[in-house]
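The file query.pdb contains PDB, C-alpha atoms:
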```pdb
ATOM      1  CA  MET Z   1     -36.383  -5.626 -37.906
ATOM      2  CA  LYS Z   2     -33.187  -7.163 -36.509
ATOM      3  CA  ARG Z   3     -32.220 -10.493 -38.049
ATOM      4  CA  ALA Z   4     -32.055 -13.321 -35.509
ATOM      5  CA  PHE Z   5     -28.854 -15.323 -35.074
ATOM      6  CA  SER Z   6     -28.705 -18.419 -37.237
ATOM      7  CA  LEU Z   7     -27.734 -21.728 -35.667
ATOM      8  CA  VAL Z   8     -24.344 -21.609 -37.422
ATOM      9  CA  GLU Z   9     -23.597 -18.119 -36.101
ATOM     10  CA  LEU Z  10     -24.559 -19.162 -32.590
ATOM     11  CA  ILE Z  11     -22.330 -22.222 -32.711
ATOM     12  CA  PHE Z  12     -19.451 -20.135 -34.090
ATOM     13  CA  THR Z  13     -19.863 -17.557 -31.293
ATOM     14  CA  ILE Z  14     -19.889 -20.249 -28.618
ATOM     15  CA  PHE Z  15     -16.780 -21.816 -30.169
ATOM     16  CA  ILE Z  16     -14.903 -18.500 -30.073
ATOM     17  CA  LEU Z  17     -15.886 -17.956 -26.425
ATOM     18  CA  ILE Z  18     -14.664 -21.451 -25.535
ATOM     19  CA  LEU Z  19     -11.327 -20.757 -27.260
ATOM     20  CA  ILE Z  20     -10.902 -17.474 -25.403
ATOM     21  CA  ALA Z  21     -11.723 -19.097 -22.060
ATOM     22  CA  ALA Z  22      -9.323 -21.989 -22.728
ATOM     23  CA  PHE Z  23      -6.535 -19.583 -23.705
ATOM     24  CA  ALA Z  24      -7.074 -17.446 -20.611
ATOM     25  CA  LYS Z  25      -7.054 -20.494 -18.347
ATOM     26  CA  SER Z  26      -3.938 -21.880 -20.004
ATOM     27  CA  LYS Z  27      -2.167 -18.541 -19.703
ATOM     28  CA  TYR Z  28      -3.019 -18.320 -16.016
ATOM     29  CA  THR Z  29      -2.068 -21.856 -15.028
ATOM     30  CA  ASN Z  30       1.191 -21.811 -16.971
ATOM     31  CA  ASN Z  31       2.394 -18.505 -15.591
ATOM     32  CA  ASP Z  32       2.631 -19.043 -11.853
ATOM     33  CA  LEU Z  33       5.893 -17.115 -11.589
ATOM     34  CA  GLU Z  34       4.311 -14.035 -13.146
ATOM     35  CA  ASN Z  35       1.253 -14.390 -10.924
ATOM     36  CA  ALA Z  36       3.416 -14.645  -7.801
ATOM     37  CA  ALA Z  37       5.370 -11.517  -8.761
ATOM     38  CA  ASN Z  38       2.192  -9.560  -9.508
ATOM     39  CA  LYS Z  39       0.701 -10.524  -6.166
ATOM     40  CA  ILE Z  40       3.802  -9.464  -4.237
ATOM     41  CA  ILE Z  41       3.950  -6.163  -6.138
ATOM     42  CA  LEU Z  42       0.294  -5.530  -5.292
ATOM     43  CA  TYR Z  43       0.863  -6.402  -1.632
ATOM     44  CA  LEU Z  44       4.016  -4.263  -1.419
ATOM     45  CA  LYS Z  45       2.086  -1.308  -2.782
ATOM     46  CA  GLN Z  46      -0.662  -1.942  -0.248
ATOM     47  CA  THR Z  47       1.943  -2.114   2.538
ATOM     48  CA  ARG Z  48       3.485   1.158   1.384
ATOM     49  CA  TYR Z  49       0.064   2.829   1.284
ATOM     50  CA  GLN Z  50      -0.799   1.504   4.736
ATOM     51  CA  SER Z  51       2.443   2.980   6.058
ATOM     52  CA  LEU Z  52       1.694   6.391   4.588
ATOM     53  CA  ILE Z  53      -1.691   6.629   6.314
ATOM     54  CA  ASP Z  54      -0.712   4.932   9.573
ATOM     55  CA  GLU Z  55       1.799   7.087  11.454
ATOM     56  CA  LYS Z  56       3.708   4.994  13.986
ATOM     57  CA  GLU Z  57       5.904   7.664  15.595
ATOM     58  CA  SER Z  58       5.278   8.045  19.314
ATOM     59  CA  LYS Z  59       6.982  10.091  22.035
ATOM     60  CA  GLU Z  60       5.959   7.504  24.615
ATOM     61  CA  GLU Z  61       7.725   4.606  22.878
ATOM     62  CA  THR Z  62      11.453   4.635  22.228
ATOM     63  CA  LEU Z  63      11.284   1.764  19.752
ATOM     64  CA  TRP Z  64       8.131   2.893  17.947
ATOM     65  CA  TYR Z  65       9.797   2.375  14.565
ATOM     66  CA  LYS Z  66       9.707  -1.406  15.058
ATOM     67  CA  LYS Z  67       5.969  -1.113  14.363
ATOM     68  CA  ARG Z  68       6.481   0.016  10.770
ATOM     69  CA  TRP Z  69       4.492  -2.008   8.259
ATOM     70  CA  THR Z  70       6.630  -4.812   6.900
ATOM     71  CA  LEU Z  71       6.564  -7.564   4.295
ATOM     72  CA  LYS Z  72       8.894 -10.332   5.441
ATOM     73  CA  PHE Z  73       9.844 -13.644   3.836
ATOM     74  CA  PHE Z  74      10.146 -16.805   5.921
ATOM     75  CA  ARG Z  75      10.945 -20.475   5.478
ATOM     76  CA  CYS Z  76       8.311 -23.042   6.376
ATOM     77  CA  ARG Z  77       9.222 -25.543   9.043
ATOM     78  CA  ARG Z  78      11.514 -28.300   7.818
ATOM     79  CA  SER Z  79       8.790 -30.952   7.768
ATOM     80  CA  GLU Z  80       6.764 -28.805   5.342
ATOM     81  CA  GLY Z  81       9.476 -27.110   3.298
ATOM     82  CA  GLY Z  82       9.009 -24.042   1.126
ATOM     83  CA  ILE Z  83       8.820 -20.273   1.478
ATOM     84  CA  TYR Z  84       6.054 -17.900   2.548
ATOM     85  CA  TYR Z  85       5.652 -14.256   3.559
ATOM     86  CA  SER Z  86       3.580 -12.158   5.939
ATOM     87  CA  ILE Z  87       2.672  -8.481   6.106
ATOM     88  CA  TYR Z  88       2.418  -7.065   9.597
ATOM     89  CA  SER Z  89       3.002  -4.267  12.067
ATOM     90  CA  ASP Z  90       5.036  -5.617  14.978
ATOM     91  CA  ASN Z  91       2.908  -4.164  17.756
ATOM     92  CA  ASN Z  92       4.273  -6.489  20.424
ATOM     93  CA  GLN Z  93       7.817  -5.807  19.153
ATOM     94  CA  THR Z  94       8.889  -9.445  19.321
ATOM     95  CA  GLY Z  95       9.973  -9.716  15.693
ATOM     96  CA  HIS Z  96       7.543 -12.585  15.133
ATOM     97  CA  PRO Z  97       4.249 -11.636  13.460
ATOM     98  CA  ASN Z  98       0.930 -13.067  14.558
ATOM     99  CA  LEU Z  99      -2.500 -13.171  12.969
ATOM    100  CA  GLU Z 100      -3.844 -10.105  14.800
ATOM    101  CA  GLU Z 101      -0.899  -7.921  13.738
ATOM    102  CA  SER Z 102      -1.179  -8.873  10.074
ATOM    103  CA  LEU Z 103      -2.625  -6.814   7.242
ATOM    104  CA  SER Z 104      -5.865  -7.914   5.570
ATOM    105  CA  ASP Z 105      -6.250  -8.413   1.834
ATOM    106  CA  PRO Z 106      -8.830  -5.742   0.843
ATOM    107  CA  LEU Z 107     -10.398  -8.049  -1.773
ATOM    108  CA  THR Z 108     -10.797 -11.214   0.296
ATOM    109  CA  ASN Z 109     -10.549  -9.777   3.826
ATOM    110  CA  LYS Z 110      -8.187 -12.653   4.640
ATOM    111  CA  LYS Z 111      -5.011 -12.013   6.598
ATOM    112  CA  ILE Z 112      -1.777 -11.804   4.609
ATOM    113  CA  TYR Z 113      -0.146 -14.169   7.037
ATOM    114  CA  SER Z 114       0.995 -17.709   7.711
ATOM    115  CA  SER Z 115       2.775 -19.508  10.507
ATOM    116  CA  ASN Z 116       5.758 -21.687   9.689
ATOM    117  CA  LYS Z 117       3.351 -24.619   9.371
ATOM    118  CA  CYS Z 118       2.443 -23.140   5.974
ATOM    119  CA  LYS Z 119      -1.171 -24.258   6.147
ATOM    120  CA  VAL Z 120      -4.068 -22.240   4.737
ATOM    121  CA  THR Z 121      -6.870 -21.504   7.181
ATOM    122  CA  LYS Z 122     -10.261 -19.852   6.753
ATOM    123  CA  GLU Z 123      -8.699 -16.621   8.053
ATOM    124  CA  THR Z 124      -5.489 -16.514   6.001
ATOM    125  CA  SER Z 125      -4.625 -15.900   2.351
ATOM    126  CA  LYS Z 126      -3.273 -18.794   0.308
ATOM    127  CA  TYR Z 127      -1.264 -16.388  -1.840
ATOM    128  CA  VAL Z 128       1.459 -16.015   0.795
ATOM    129  CA  LEU Z 129       2.541 -19.638   0.295
ATOM    130  CA  LEU Z 130       5.012 -19.044  -2.503
ATOM    131  CA  THR Z 131       6.218 -22.613  -2.885
ATOM    132  CA  LYS Z 132       2.891 -24.408  -2.484
ATOM    133  CA  GLU Z 133       0.842 -22.015  -4.614
ATOM    134  CA  TYR Z 134       3.340 -20.881  -7.238
ATOM    135  CA  GLY Z 135       6.225 -23.335  -7.280
ATOM    136  CA  ILE Z 136       8.772 -20.765  -6.092
ATOM    137  CA  ASP Z 137      11.918 -22.581  -4.931
ATOM    138  CA  ASN Z 138      13.868 -19.649  -3.530
ATOM    139  CA  VAL Z 139      13.722 -15.924  -2.852
ATOM    140  CA  GLU Z 140      16.705 -13.563  -2.783
ATOM    141  CA  VAL Z 141      16.530  -9.994  -1.452
ATOM    142  CA  SER Z 142      19.496  -7.858  -2.474
ATOM    143  CA  CYS Z 143      19.110  -5.397   0.417
ATOM    144  CA  ASN Z 144      18.750  -8.051   3.111
ATOM    145  CA  ASN Z 145      20.186  -7.152   6.530
ATOM    146  CA  THR Z 146      18.345  -9.816   8.512
ATOM    147  CA  SER Z 147      19.322 -13.360   9.466
ATOM    148  CA  SER Z 148      16.389 -14.682   7.432
ATOM    149  CA  ILE Z 149      15.521 -14.367   3.732
ATOM    150  CA  GLY Z 150      14.759 -10.669   3.971
ATOM    151  CA  GLN Z 151      12.147  -8.020   4.583
ATOM    152  CA  ILE Z 152      10.912  -4.681   3.284
ATOM    153  CA  SER Z 153       9.609  -2.113   5.786
ATOM    154  CA  PHE Z 154       8.030   1.233   4.920
ATOM    155  CA  GLY Z 155       7.983   4.463   6.891
ATOM    156  CA  SER Z 156       5.220   7.072   6.847
ATOM    157  CA  ASP Z 157       7.682   9.394   5.100
ATOM    158  CA  GLY Z 158       7.947   7.045   2.123
ATOM    159  CA  LYS Z 159      11.409   5.757   3.032
ATOM    160  CA  VAL Z 160      12.215   2.055   2.838
ATOM    161  CA  TYR Z 161      14.096  -0.068   5.360
ATOM    162  CA  SER Z 162      15.687  -3.499   5.070
ATOM    163  CA  LYS Z 163      15.547  -4.081   8.824
ATOM    164  CA  LEU Z 164      14.115  -2.398  11.935
ATOM    165  CA  SER Z 165      16.641  -1.745  14.679
ATOM    166  CA  ASN Z 166      16.279  -3.173  18.191
ATOM    167  CA  TYR Z 167      18.120  -0.200  19.664
ATOM    168  CA  GLU Z 168      16.942   3.249  20.709
ATOM    169  CA  ASN Z 169      17.502   6.365  18.575
ATOM    170  CA  GLN Z 170      18.030   4.330  15.399
ATOM    171  CA  LYS Z 171      14.831   5.075  13.524
ATOM    172  CA  ASN Z 172      16.746   5.682  10.282
ATOM    173  CA  GLU Z 173      19.079   2.716  10.648
ATOM    174  CA  TYR Z 174      18.952   0.249   7.726
ATOM    175  CA  GLU Z 175      17.309   2.694   5.325
ATOM    176  CA  ILE Z 176      18.001   1.443   1.816
ATOM    177  CA  LYS Z 177      20.049   3.837  -0.274
ATOM    178  CA  ASN Z 178      20.066   1.869  -3.508
ATOM    179  CA  LYS Z 179      17.447   0.041  -5.503
ATOM    180  CA  CYS Z 180      16.470  -3.213  -3.799
ATOM    181  CA  VAL Z 181      15.764  -6.306  -5.893
ATOM    182  CA  ILE Z 182      13.540  -9.172  -4.826
ATOM    183  CA  LYS Z 183      14.327 -12.183  -6.968
ATOM    184  CA  LEU Z 184      11.782 -15.002  -7.224
ATOM    185  CA  ILE Z 185      13.433 -18.218  -8.388
ATOM    186  CA  SER Z 186      11.684 -21.244  -9.853
ATOM    187  CA  GLN Z 187      13.657 -24.152 -11.261
ATOM    188  CA  LYS Z 188      10.873 -24.884 -13.762
ATOM    189  CA  GLN Z 189       9.773 -21.359 -14.664
ATOM    190  CA  GLY Z 190      12.895 -19.214 -14.355
ATOM    191  CA  ILE Z 191      13.520 -15.980 -12.474
ATOM    192  CA  LYS Z 192      11.375 -12.901 -11.901
ATOM    193  CA  GLU Z 193      12.638  -9.673 -10.366
ATOM    194  CA  ILE Z 194      10.766  -7.020  -8.404
ATOM    195  CA  TYR Z 195      12.378  -3.597  -7.892
ATOM    196  CA  ILE Z 196      11.899  -1.206  -4.980
ATOM    197  CA  GLU Z 197      13.270   2.309  -5.252
ATOM    198  CA  PRO Z 198      14.887   4.029  -2.231
ATOM    199  CA  ARG Z 199      13.434   7.222  -0.707
ATOM    200  CA  THR Z 200      10.081   6.829  -2.516
ATOM    201  CA  GLY Z 201       9.312   3.134  -2.070
ATOM    202  CA  TYR Z 202       8.145   2.882  -5.683
ATOM    203  CA  VAL Z 203       7.587  -0.809  -6.568
ATOM    204  CA  TYR Z 204       7.642  -2.244 -10.076
ATOM    205  CA  GLU Z 205       8.332  -5.394 -12.055
ATOM    206  CA  GLY Z 206      11.761  -6.024 -13.508
TER     207      GLY Z 206
END
```
Kindly return the structure encoded in the file as structure tokens.
Amino acid sequence: MKRAFSLVELIFTIFILILIAAFAKSKYTNNDLENAANKIILYLKQTRYQSLIDEKESKEETLWYKKRWTLKFFRCRRSEGGIYYSIYSDNNQTGHPNLEESLSDPLTNKKIYSSNKCKVTKETSKYVLLTKEYGIDNVEVSCNNTSSIGQISFGSDGKVYSKLSNYENQKNEYEIKNKCVIKLISQKQGIKEIYIEPRTGYVYEG
């Protein structure tokens, strides 16, 4: 017959479980920079995958390439402060994403989107609010060709673009030719880098 747990063994087991839980919680709450980087890497990979299965090329539209799936960083309005990002396909070709155009997080089904008000709603993911959720003070994108912080756009052929042209017959304009680095900067936590390879769109942590 199996020997039952003694009271001492039970208490010891509970104590070990409490220690493990406390360590895991401490590791999570003290590593916001790492968590932010991991989330962006995951979302970039999802954006790349979405681009590979969602062909945007169209003979009827001369600027079809503006609809490529894109992760773009923005600044919150001045009264709020901070940085956020959205993932979207610019179907209306205005350059300004909206909720309907944004990609959904497959785990939460919430939109990977925010307006410049930087407020979480029941429909949007809190993870896009880099400053509010993770304490990120600044973001630098080495391949930036926009007037804002920067963006990464993926084509269905695996190529990566730092901007989407507003002019006809420029579908390959702004293709990145060298490794692009997204640098997340936190005054309290340090710096974390995310790398994106040209031609393949391979994303990984620095």
Next item on the list: Could you list the residues chosen by the PyMOL selection byres ((chain Z and resi 104) around 12) in this structure as number ranges by chain?
Entry: Z: 43, 46-47, 50, 86-89, 99-103, 105-113, 123-125, 128
Next item on the list: Select, from Z:Ser79, Z:Asn172, Z:Thr131, Z:Gln93, the residue with the minimum atom-to-atom distance to Phe154 in chain Z, counting all atoms listed in the file.
Entry: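 Using all atoms listed in the file, the shortest distance to Phe154 in chain Z belongs to Z:Asn172.
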Next item on the list: Determine the residue membership of the PyMOL selection byres ((chain Z and resi 65) around 12) for the file above and supply it as a PyMOL selection string.
Entry: chain Z and resi 51+54-64+66-70+89-93+153-157+160-161+163-175
Would you place a box with edges along x, y and z of the file around all atoms of range 147-158 of chain Z listed there, add 5 Å to each of its six sides, and report the centre and edge lengths in Å to one decimal, as lines of an AutoDock Vina configuration file?
```
center_x = 12.3
center_y = -2.6
center_z = 5.8
size_x = 24.1
size_y = 34.1
size_z = 17.3
```
Checklist line | Gap from CA of Val120 in chain Z to CA of Glu133 in chain Z - Å, one decimal | finding: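 CA of Glu133 in chain Z lies 10.6 Å from CA of Val120 in chain Z.
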Margin query: Counting all atoms listed in the file, which residues have an atom no more than 12 Å from (18.2, -12.4, -10.4) in the file's coordinates? Please list them as a PyMOL selection string.
Written below: chain Z and resi 138-142+180-186+190-195+206
With C-alpha atoms retained, could you export that selection as an mmCIF file, keeping the file's coordinate frame?
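Writing the result to result.cif gives the following:
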```
data_model
loop_
_atom_site.group_PDB
_atom_site.id
_atom_site.type_symbol
_atom_site.label_atom_id
_atom_site.label_comp_id
_atom_site.auth_asym_id
_atom_site.auth_seq_id
_atom_site.Cartn_x
_atom_site.Cartn_y
_atom_site.Cartn_z
ATOM 1 C CA ASN Z 138 13.868 -19.649 -3.530
ATOM 2 C CA VAL Z 139 13.722 -15.924 -2.852
ATOM 3 C CA GLU Z 140 16.705 -13.563 -2.783
ATOM 4 C CA VAL Z 141 16.530 -9.994 -1.452
ATOM 5 C CA SER Z 142 19.496 -7.858 -2.474
ATOM 6 C CA CYS Z 180 16.470 -3.213 -3.799
ATOM 7 C CA VAL Z 181 15.764 -6.306 -5.893
ATOM 8 C CA ILE Z 182 13.540 -9.172 -4.826
ATOM 9 C CA LYS Z 183 14.327 -12.183 -6.968
ATOM 10 C CA LEU Z 184 11.782 -15.002 -7.224
ATOM 11 C CA ILE Z 185 13.433 -18.218 -8.388
ATOM 12 C CA SER Z 186 11.684 -21.244 -9.853
ATOM 13 C CA GLY Z 190 12.895 -19.214 -14.355
ATOM 14 C CA ILE Z 191 13.520 -15.980 -12.474
ATOM 15 C CA LYS Z 192 11.375 -12.901 -11.901
ATOM 16 C CA GLU Z 193 12.638 -9.673 -10.366
ATOM 17 C CA ILE Z 194 10.766 -7.020 -8.404
ATOM 18 C CA TYR Z 195 12.378 -3.597 -7.892
ATOM 19 C CA GLY Z 206 11.761 -6.024 -13.508
#
```
Checklist line | Ground truth for the PyMOL selection byres ((chain Z and resi 201) around 9), written as a ChimeraX atom specification | finding: /Z:45,48,154,158-160,196-200,202-203
Item checked: Using only C-alpha atoms: which of Z:His96, Z:Lys119, Z:Ile53, Z:Ile41 has the shortest distance to Phe74 in chain Z ->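 For Phe74 in chain Z, the nearest of the candidates is Z:His96.
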Notebook entry, point to check: CA of Lys122 in chain Z and CA of Ser148 in chain Z are how many Å apart?
Noted result: 27.2 Å
Notebook entry, point to check: So what do you get for CA of Arg75 in chain Z versus CA of Gly135 in chain Z, distance-wise?
Noted result: 13.9 Å
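Each of Z:Ile152, Z:Ser162, Z:Leu130, Z:Ser147 was compared to Asn35 in chain Z using only C-alpha atoms, and Z:Leu130 turns out to be the nearest.
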Next item on the list: Find, counting all atoms listed in the file, the residue in Z:Leu129, Z:Cys76, Z:Cys143, Z:Ile136 that gets nearest to Lys117 in chain Z.
Entry: Z:Cys76
Atoms are missing here; could range 155-191 of chain Z be completed with N, CA and C atoms and written as a compact mmCIF listing (two decimals), keeping the file's coordinate frame?
```txt
# COMPACT_ATOMS: atom_id res chain seq x y z
N GLY Z 155 8.28 3.41 5.94
CA GLY Z 155 7.98 4.46 6.89
C GLY Z 155 6.88 5.36 6.37
N SER Z 156 6.29 6.16 7.26
CA SER Z 156 5.22 7.07 6.85
C SER Z 156 5.74 8.22 5.99
N ASP Z 157 7.08 8.36 5.94
CA ASP Z 157 7.68 9.39 5.10
C ASP Z 157 8.04 8.86 3.72
N GLY Z 158 7.67 7.63 3.43
CA GLY Z 158 7.95 7.04 2.12
C GLY Z 158 9.26 6.30 2.04
N LYS Z 159 10.11 6.43 3.06
CA LYS Z 159 11.41 5.76 3.03
C LYS Z 159 11.24 4.25 3.25
N VAL Z 160 12.26 3.52 2.79
CA VAL Z 160 12.22 2.06 2.84
C VAL Z 160 13.36 1.54 3.69
N TYR Z 161 13.10 0.49 4.45
CA TYR Z 161 14.10 -0.07 5.36
C TYR Z 161 14.21 -1.58 5.15
N SER Z 162 15.45 -2.07 5.25
CA SER Z 162 15.69 -3.50 5.07
C SER Z 162 15.70 -4.25 6.40
N LYS Z 163 15.58 -3.51 7.49
CA LYS Z 163 15.55 -4.08 8.82
C LYS Z 163 15.09 -2.99 9.78
N LEU Z 164 14.53 -3.37 10.92
CA LEU Z 164 14.12 -2.40 11.94
C LEU Z 164 14.94 -2.64 13.18
N SER Z 165 15.67 -1.61 13.60
CA SER Z 165 16.64 -1.74 14.68
C SER Z 165 15.99 -2.08 16.02
N ASN Z 166 16.72 -2.84 16.83
CA ASN Z 166 16.28 -3.17 18.19
C ASN Z 166 16.81 -2.18 19.22
N TYR Z 167 17.48 -1.15 18.75
CA TYR Z 167 18.12 -0.20 19.66
C TYR Z 167 17.47 1.18 19.56
N GLU Z 168 17.55 1.92 20.66
CA GLU Z 168 16.94 3.25 20.71
C GLU Z 168 17.69 4.24 19.82
N ASN Z 169 16.95 5.27 19.38
CA ASN Z 169 17.50 6.36 18.58
C ASN Z 169 18.12 5.88 17.26
N GLN Z 170 17.54 4.84 16.68
CA GLN Z 170 18.03 4.33 15.40
C GLN Z 170 16.88 4.17 14.41
N LYS Z 171 16.01 5.17 14.39
CA LYS Z 171 14.83 5.08 13.52
C LYS Z 171 15.19 5.07 12.04
N ASN Z 172 16.34 5.64 11.69
CA ASN Z 172 16.75 5.68 10.28
C ASN Z 172 17.80 4.63 9.93
N GLU Z 173 18.12 3.78 10.90
CA GLU Z 173 19.08 2.72 10.65
C GLU Z 173 18.49 1.73 9.63
N TYR Z 174 19.32 1.24 8.75
CA TYR Z 174 18.95 0.25 7.73
C TYR Z 174 18.05 0.81 6.63
N GLU Z 175 18.02 2.13 6.47
CA GLU Z 175 17.31 2.69 5.32
C GLU Z 175 18.05 2.30 4.05
N ILE Z 176 17.32 1.83 3.06
CA ILE Z 176 18.00 1.44 1.82
C ILE Z 176 18.35 2.69 1.01
N LYS Z 177 19.55 2.69 0.49
CA LYS Z 177 20.05 3.84 -0.27
C LYS Z 177 20.11 3.54 -1.77
N ASN Z 178 20.03 2.27 -2.10
CA ASN Z 178 20.07 1.87 -3.51
C ASN Z 178 18.85 1.00 -3.82
N LYS Z 179 18.59 0.85 -5.08
CA LYS Z 179 17.45 0.04 -5.50
C LYS Z 179 17.57 -1.37 -4.94
N CYS Z 180 16.49 -1.87 -4.35
CA CYS Z 180 16.47 -3.21 -3.80
C CYS Z 180 15.77 -4.14 -4.79
N VAL Z 181 16.32 -5.34 -4.94
CA VAL Z 181 15.76 -6.31 -5.89
C VAL Z 181 15.31 -7.55 -5.15
N ILE Z 182 14.05 -7.90 -5.33
CA ILE Z 182 13.54 -9.17 -4.83
C ILE Z 182 13.51 -10.14 -6.00
N LYS Z 183 14.22 -11.22 -5.87
CA LYS Z 183 14.33 -12.18 -6.97
C LYS Z 183 13.56 -13.46 -6.60
N LEU Z 184 12.54 -13.77 -7.39
CA LEU Z 184 11.78 -15.00 -7.22
C LEU Z 184 12.37 -16.05 -8.16
N ILE Z 185 12.72 -17.20 -7.61
CA ILE Z 185 13.43 -18.22 -8.39
C ILE Z 185 12.63 -19.51 -8.43
N SER Z 186 12.37 -19.98 -9.64
CA SER Z 186 11.68 -21.24 -9.85
C SER Z 186 12.52 -22.08 -10.81
N GLN Z 187 12.84 -23.29 -10.41
CA GLN Z 187 13.66 -24.15 -11.26
C GLN Z 187 12.95 -24.48 -12.58
N LYS Z 188 11.63 -24.55 -12.55
CA LYS Z 188 10.87 -24.88 -13.76
C LYS Z 188 10.52 -23.67 -14.60
N GLN Z 189 10.31 -22.52 -13.95
CA GLN Z 189 9.77 -21.36 -14.66
C GLN Z 189 10.78 -20.24 -14.91
N GLY Z 190 11.89 -20.26 -14.16
CA GLY Z 190 12.90 -19.21 -14.36
C GLY Z 190 12.96 -18.25 -13.19
N ILE Z 191 13.29 -17.00 -13.49
CA ILE Z 191 13.52 -15.98 -12.47
C ILE Z 191 12.69 -14.74 -12.79
```
